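Before any comments, here is the structure.
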Amino acid sequence: MTTTLITGANKGLGFETARRLVEAGHTVYVGSRDAGRGRRAAERLGARMLHIDVTDDASVAAAAKTVEADGGLDVLINNAGIEGTVVGAEDTTVDTVRTLFETNVFGPVRVLHAFLPLLRRSPAPVVVNVSSGLASLTLVSTPDTPHHAYPGVAYPASKTALNMITVQYAKAFPGIRINAVEPGFTATDLNGHRGTQTVEEGAEIIVRTALLGPDDPTGGYADVSGPLPW
């Protein structure tokens, strides 16, 4: 039985990913900062609720102890993320950037550090970092594209940092499949449901990457159509 933890899984892409992986036979932990919402989501899914706030060291450490006591972990999906208020370069402050980095960058590092010992005991460990097309320096610097038109600084910067984290961890732990994925512009709370894709469509690449085997690629960055430029 494959055991999977998905952070930020009580709604949106995380919830749909959990639903799909439960269907695939995984034992899924619905990671949620709000215990009540997490419990309700887990009950709907036939999953396990795990209280975890990725911005809090004690919360993450306690979550890792819970999962270890229950038997370990095979797949970690770093899905929890925020976009915040989108402001342009002129109005961007250190606090603007710090807030997003706390969840989108420091959160995955915090979770990886706590759960790596469990993943390294798995016979087929996998890490999926949920990134964004806005992380791509190539795409964002290409004129006349939606990526180029995005005015915000903090969110793309945080996801670019997550991509680098993905590459460096994949190099450091070649026995773990560690990849970043771009779900696409999906209608979720993160973007006020402005996205043009359904959560079913957005979750496809997350689920596909979570199901990679020991001989599959690592250290990559892709959407549902294939590899993306860094």
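In the structure tokens, chains take the letters A, B, ... in the order shown, each chain's residues start at 1, and ligands count up from 1 in the order shown.
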*Residue set, segment 12-213 of chain A restricted to strand (DSSP E or B), as a list in words*: Thr27, Val28, Tyr29, Val30, Gly31, Ser32, Arg48, Met49, Leu50, His51, Val75, Leu76, Ile77, Asn78, Val126, Val127, Val128, Asn129, Val130, Arg177, Ile178, Asn179, Ala180, Val181, Thr186 and Gln197 of chain A
Same residues, N, CA and C atoms, saved as a PDB file, in the first residue's frame:
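Output (again.pdb):
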```pdb
ATOM      1  N   THR A  27      -3.206   5.146   0.434  1.00  0.00           N
ATOM      2  CA  THR A  27      -3.625   5.679   1.725  1.00  0.00           C
ATOM      3  C   THR A  27      -3.200   7.137   1.741  1.00  0.00           C
ATOM      4  N   VAL A  28      -4.172   8.035   1.802  1.00  0.00           N
ATOM      5  CA  VAL A  28      -3.877   9.456   1.630  1.00  0.00           C
ATOM      6  C   VAL A  28      -4.107  10.235   2.918  1.00  0.00           C
ATOM      7  N   TYR A  29      -3.095  11.034   3.272  1.00  0.00           N
ATOM      8  CA  TYR A  29      -3.239  12.004   4.342  1.00  0.00           C
ATOM      9  C   TYR A  29      -3.646  13.335   3.725  1.00  0.00           C
ATOM     10  N   VAL A  30      -4.781  13.849   4.156  1.00  0.00           N
ATOM     11  CA  VAL A  30      -5.230  15.171   3.740  1.00  0.00           C
ATOM     12  C   VAL A  30      -4.589  16.185   4.685  1.00  0.00           C
ATOM     13  N   GLY A  31      -3.516  16.812   4.235  1.00  0.00           N
ATOM     14  CA  GLY A  31      -2.853  17.814   5.050  1.00  0.00           C
ATOM     15  C   GLY A  31      -3.628  19.110   5.028  1.00  0.00           C
ATOM     16  N   SER A  32      -3.928  19.644   6.203  1.00  0.00           N
ATOM     17  CA  SER A  32      -4.733  20.859   6.277  1.00  0.00           C
ATOM     18  C   SER A  32      -4.304  21.706   7.464  1.00  0.00           C
ATOM     19  N   ARG A  48      -7.231  10.076   5.457  1.00  0.00           N
ATOM     20  CA  ARG A  48      -6.855  10.410   6.822  1.00  0.00           C
ATOM     21  C   ARG A  48      -6.579  11.905   6.915  1.00  0.00           C
ATOM     22  N   MET A  49      -7.021  12.531   7.979  1.00  0.00           N
ATOM     23  CA  MET A  49      -6.733  13.944   8.182  1.00  0.00           C
ATOM     24  C   MET A  49      -5.410  14.100   8.902  1.00  0.00           C
ATOM     25  N   LEU A  50      -4.596  15.051   8.450  1.00  0.00           N
ATOM     26  CA  LEU A  50      -3.340  15.365   9.131  1.00  0.00           C
ATOM     27  C   LEU A  50      -3.274  16.869   9.322  1.00  0.00           C
ATOM     28  N   HIS A  51      -3.278  17.299  10.574  1.00  0.00           N
ATOM     29  CA  HIS A  51      -3.159  18.730  10.845  1.00  0.00           C
ATOM     30  C   HIS A  51      -1.721  19.155  10.602  1.00  0.00           C
ATOM     31  N   VAL A  75       4.917   8.967  -0.734  1.00  0.00           N
ATOM     32  CA  VAL A  75       4.743  10.084  -1.674  1.00  0.00           C
ATOM     33  C   VAL A  75       4.412  11.352  -0.902  1.00  0.00           C
ATOM     34  N   LEU A  76       5.156  12.420  -1.197  1.00  0.00           N
ATOM     35  CA  LEU A  76       4.890  13.733  -0.618  1.00  0.00           C
ATOM     36  C   LEU A  76       4.540  14.699  -1.739  1.00  0.00           C
ATOM     37  N   ILE A  77       3.383  15.342  -1.621  1.00  0.00           N
ATOM     38  CA  ILE A  77       2.976  16.344  -2.600  1.00  0.00           C
ATOM     39  C   ILE A  77       2.901  17.690  -1.899  1.00  0.00           C
ATOM     40  N   ASN A  78       3.867  18.565  -2.218  1.00  0.00           N
ATOM     41  CA  ASN A  78       3.905  19.913  -1.656  1.00  0.00           C
ATOM     42  C   ASN A  78       2.966  20.798  -2.477  1.00  0.00           C
ATOM     43  N   VAL A 126       8.550   9.338  -3.777  1.00  0.00           N
ATOM     44  CA  VAL A 126       8.247  10.364  -4.778  1.00  0.00           C
ATOM     45  C   VAL A 126       7.931  11.675  -4.072  1.00  0.00           C
ATOM     46  N   VAL A 127       8.431  12.773  -4.638  1.00  0.00           N
ATOM     47  CA  VAL A 127       8.060  14.117  -4.188  1.00  0.00           C
ATOM     48  C   VAL A 127       7.558  14.895  -5.393  1.00  0.00           C
ATOM     49  N   VAL A 128       6.404  15.530  -5.227  1.00  0.00           N
ATOM     50  CA  VAL A 128       5.846  16.394  -6.269  1.00  0.00           C
ATOM     51  C   VAL A 128       5.728  17.798  -5.689  1.00  0.00           C
ATOM     52  N   ASN A 129       6.424  18.752  -6.287  1.00  0.00           N
ATOM     53  CA  ASN A 129       6.316  20.148  -5.883  1.00  0.00           C
ATOM     54  C   ASN A 129       5.398  20.870  -6.864  1.00  0.00           C
ATOM     55  N   VAL A 130       4.279  21.379  -6.371  1.00  0.00           N
ATOM     56  CA  VAL A 130       3.320  22.048  -7.253  1.00  0.00           C
ATOM     57  C   VAL A 130       3.815  23.467  -7.517  1.00  0.00           C
ATOM     58  N   ARG A 177      12.200  10.203  -6.627  1.00  0.00           N
ATOM     59  CA  ARG A 177      11.726  10.927  -7.811  1.00  0.00           C
ATOM     60  C   ARG A 177      11.186  12.268  -7.322  1.00  0.00           C
ATOM     61  N   ILE A 178      11.883  13.360  -7.633  1.00  0.00           N
ATOM     62  CA  ILE A 178      11.514  14.700  -7.148  1.00  0.00           C
ATOM     63  C   ILE A 178      11.320  15.604  -8.369  1.00  0.00           C
ATOM     64  N   ASN A 179      10.091  16.044  -8.588  1.00  0.00           N
ATOM     65  CA  ASN A 179       9.770  16.842  -9.768  1.00  0.00           C
ATOM     66  C   ASN A 179       8.846  17.998  -9.427  1.00  0.00           C
ATOM     67  N   ALA A 180       8.912  19.044 -10.252  1.00  0.00           N
ATOM     68  CA  ALA A 180       8.001  20.183 -10.152  1.00  0.00           C
ATOM     69  C   ALA A 180       6.984  20.101 -11.281  1.00  0.00           C
ATOM     70  N   VAL A 181       5.753  20.482 -10.989  1.00  0.00           N
ATOM     71  CA  VAL A 181       4.709  20.419 -12.010  1.00  0.00           C
ATOM     72  C   VAL A 181       3.943  21.727 -12.078  1.00  0.00           C
ATOM     73  N   THR A 186      -5.963  27.002 -13.260  1.00  0.00           N
ATOM     74  CA  THR A 186      -7.097  26.221 -12.776  1.00  0.00           C
ATOM     75  C   THR A 186      -7.966  27.067 -11.858  1.00  0.00           C
ATOM     76  N   GLN A 197      -9.353  26.312 -16.327  1.00  0.00           N
ATOM     77  CA  GLN A 197      -9.410  24.857 -16.262  1.00  0.00           C
ATOM     78  C   GLN A 197     -10.205  24.421 -15.033  1.00  0.00           C
TER      79      GLN A 197
END
```
_Residues of segment 32-165 of chain A in alpha helix (DSSP H), written as an NGL selection string_ = :A and (35-45 or 57-70 or 94-104 or 106-119 or 137-140 or 146-149 or 154-165)
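Take atom CA of His148 of chain A and atom CA of Phe185 of chain A: the distance between them is 14.4 Å.
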*Looking at only C-alpha atoms, which of A:Tyr169, A:Leu137, A:Val94, A:Pro123 is the one that sits closest to Asp215 of chain A?*
A:Pro123
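Using only C-alpha atoms for every distance, the candidate list A:Asp57, A:Glu204, A:Asp74, A:Glu43 yields A:Asp74 as the residue closest to Leu5 of chain A.
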